[in-house]
Amino acid sequence: MTSAANNSRSPNVAALASKLYEECRNKFSADHLFYQKDLLSLGVVPNDNLPLLVQCAQSLVDKKLLRLLSGKDGRLAWKIISQEDAEKFQNLTADESLVYNVIHSTGRSGIWQREITTRTNLTATILSRCLKSLEGKNYIKKIRNVKQTGKIIYMLAELTPSEDVTGGAWFTDGVLDSNFIKILAYFIEFFVSRKSWYEVSTTIDAHKHRNKRQKISGSAAKLDPEKQYLPYPAGYQGYPTVPLVAAEVNKSGITPVNMVEESIGQLLEMLCYDNKLVALENGQFYKAVKKPNEVKKPKELCGVEDLGLKQGDDANDTKEDTAEDENIMAGRGGMTEAPCGQCPVFKLCTPGGAVSPETCKYFDSWLEKTLGF
Amino acid sequence: MSQYATELCTLLVEDNFGELFARIFSTLQRYDRLALPRLKFYSRLSDKKLHHGLAAMIQMHLVFHHTSFDDGVTYYEANMQAAYYLVRSGKILEIIEDNLGVYASRVMSTIMYLGHAQVSYLETLPELVSEQVSTDGINGTLGSHNVNGQSQSMILNGSHAASGSHAKLHQTLTSLAAHGYIVRVREAHFQSSVDTMMSAERIVKAKQDAKQLKGKNLERFLQDGITDLIQERTEGDLSHGLIRNGVPRGIKRRRVNRLGEESNKRPRLDSSVRLPFEKLDSDEDELTDNELVDEDPPMESDLVVRINHEKLDVVLRNRRLAELSEHSTSSITAQVYECLLRRIEYQTQRCREEPEIPREGEEGEIYSTPISLHTLVEDIDPGLDLAGSIGPMLPPEIPGRGGKRPPDNGVNGSGPQSRASEVDQHLVLLAQPPYAFSYRQINSGMITWTVEYRHLARKLRHLELERIIQSRYGNVALRIVRVLLAKGKLDEKRLQEITLLPPKDLRQVLAKMQGGGFVDLQELPREAQRLPSRTIYLWFYDPDRVRRNVLQDTYKTMSRCVQRIKFERSRLKDFLDKTERSDIKGNEERCLSEAELVLLRQWRDKEALLLGEVARLDDLVAVLRDF
């Protein structure tokens, strides 16, 4: 094709190109991948004139209204870009738009700076200048990857980073939000616990009667006199499931964002490892180990009242429990009670040695503390 | 056995029996097997003292002795296990008292104190003569008997007690034997298990049959022969024939009395199942004497009995499981479980067949004797509120706080069928994860229940270790260890994902635990150069190793507590000597000043606390070593 012919047709091409763009915008979704036959089928270019189509497409690409992509089997394909975005591109230098395109292509997972270098073949100085200017224009943003903290990732400013990058619901700004996890874990434990024990309010009279019957066990006495918690029979179907817990969490308003079931499942699994919940039937149901009146508030939560937790008076009773063994849920055993169990120099202790049972200072304080004199 | 176990055992022997025993015991432990001249040389004791001490220690089962077949020399060896069991005696007596009453516990304590005892000797002891006889026969001053004296006068005193007074003793001994709490002393009990095995091996090898066999056949023949012979030589089980319908003597009676039922429907003992030793008993008239009081034949008076620690460990294990089940279900379910465990206990000789706990993951499942549901229903206290202790099957209509008792829908009336299904329901509840306390089996159409002890023992061990880890390193550590236990070896990143912990906290805790020997790191180089950057690091938690370490630490802690008691005593030596004076003892209120009384009370509290601590540490040892 000669340049003269090109020139003579140029207004025609410009008009055709804008018409083509309009048609594409109207007839297809913004994400549609156009192949040559798609563009021809629009009927804008007369007589299936391929060279003319190429010209139109090229002019649109130049105007940043179309993005050139390679589709299936290496065929050429295009995608439309909205007017506003196109205007953005108009202002960019060639290098900048190159970088922008690379970042754009990685979508929600973002791209590492060194990766951009390898793809664009730009020098480090140019690249950093481009990135800075793009960032200044608020077209792209920096994200921290949770898996490799310290690795900075770029992605388009309007995208929300994917879970791979952020680590999911448990991370804020790339850092694990352990307080959030603790609060949520407590909430879930309490919720599950309420659902996994059958609550009986016995009147004092009935309680006495019951007491009389179970002669051997004195355990009834140590329960709350008002409430008793009974286990449900095996095969009980009312234990909370993951969706149920997720729904409850989202309903409670503890979290500003909606928690997906996957995240809740992760947390439930963690609670199982904490020995707080038990998974039944391959994780279909979850059952709490502790009864609702035994579930303890984490320290972070004491004082924070407004969390939509209908605790009632049980929590207030337990809060005053001895703070020391609050977290020892497995109970205390011989080894944890004796001073030796906590002794920092236990390994050095020998009779007659520098550390010896005779000179041990922990024993005296332990005896005094335990016996109260 | 290790340094600390040795230390503890010596301390226990010293604490219980004094310095002479301790000297001999520690010498034997230090030098292992010794013949008499060497033992004399090392212990630097006079002949008289040494002979005296050894004889008494053999009586107490604290020392094994074995006369070698080859050179005819008798070797002595310390019996660590017996020395260790000294610490458990209080617990055992408590169990006996709970199960069989105060008198049985007194009999047991006497046998324990004597090491082993002949029945005829027990008959002569005044403290074992039952109360109603003792009021007329023996005067009250003997209440302050001096047991270790074993004096002649006592035997003389005892001998004039009417033979009818032995009835209670015999009855008690029978029920102790039926429960398996006491066993017949065999000659092989006086030598160490290695000696028993070696002599058994020699005998089997010398057999005609062995000479014709070769290779694998010979090996198998020897193995079987040795096992049989050891079994034959050490077997002291007295419960044979004393258990009827799966229930030992003594227990049923107690139960019947309690329920106020008059008739005793139990079939009488016919001659075919009489005790083996009873047949030898020529003293037939004694039988007729006792028949009025008790239908059980008396124990043969020549019989020598001792405590059966193996069986008592089974009882301890069952107690422990019942406690755990109560914690995770309700007290009523725990009582149902106790009934099941008791039934199984009668038919379980020992906690496990292997002397050592097998490695984690290499242990098979071993199911206990199945107990039919029907039997259990009969055993369970009919007053137990079974229906009211389980929630309703259907989820409550209004979610949240219920507050109403389950409607009594008439099904849980008195019909035996519904009672059975209620019991079954409790047992199914016990079978639920995480513990799976019980297993249901259908045996020829009958519902039976059994217990798989091996995984429960493992679970108990894990719980104990987790408890220690949690108290030392916090909740985070518990989570990490449980993850590692469930998932095996993990690298830090994966571990972090599962535990949902900030990497900093995770690393800190892991490093601390590694320092304490609870978790460890495996390096997996990707290349031969073993560059740190090209190496994968995997964290793991080896419960076997941790168990062994914790067990040693427990021994050490126990001995520290015992040593501390000694030290505390020496601090107050003069004062305590004063309180021990014969004129003051028993009259403390009168003879001591106010301040001294306070001091005495404090000392007693201290001693009690420390001894209590030792007992609780022993619970841990039982879990880690014996179950």
# chains A, B, ... in the order shown; residues from 1 in each chain; ligands from 1
>>> interface_residues(of="chain B", to="chain A", cutoff="7 Å", atoms="only C-alpha atoms", output="PyMOL selection string")
chain B and resi 328-331+383-384+389-395+401-405+425+428-429+432-434+467-468+470-472+478-479+482-483+498-499+501-502+554+557+560+563-564+567+606+613+616-617+620
>>> closest_residue(among="A:Leu268, A:Leu33, A:Ala77, A:Ile111", to="Thr241 in chain A", atoms="only C-alpha atoms")
A:Leu268
>>> atom_distance(atom1="CA of Phe21 in chain B", atom2="CA of Met57 in chain B")
7.1 Å
>>> residues_around(residues="range 138-141 of chain A", least_positions_apart="6", cutoff="6 Å", atoms="only C-alpha atoms", output="compact mmCIF listing (two decimals) with N, CA, C and O atoms, in the first residue's frame")
# COMPACT_ATOMS: atom_id res chain seq x y z
N TYR A 154 3.72 -4.31 42.32
CA TYR A 154 2.92 -3.23 41.72
C TYR A 154 1.68 -3.81 41.09
O TYR A 154 1.72 -4.89 40.50
N MET A 155 0.62 -3.08 41.23
CA MET A 155 -0.58 -3.46 40.49
C MET A 155 -1.42 -2.21 40.25
O MET A 155 -1.14 -1.15 40.84
N LEU A 156 -2.41 -2.32 39.39
CA LEU A 156 -3.21 -1.16 39.06
C LEU A 156 -3.93 -0.65 40.31
O LEU A 156 -4.37 -1.44 41.15
N ALA A 157 -4.03 0.66 40.39
CA ALA A 157 -4.54 1.26 41.62
C ALA A 157 -5.97 0.85 41.92
O ALA A 157 -6.34 0.72 43.08
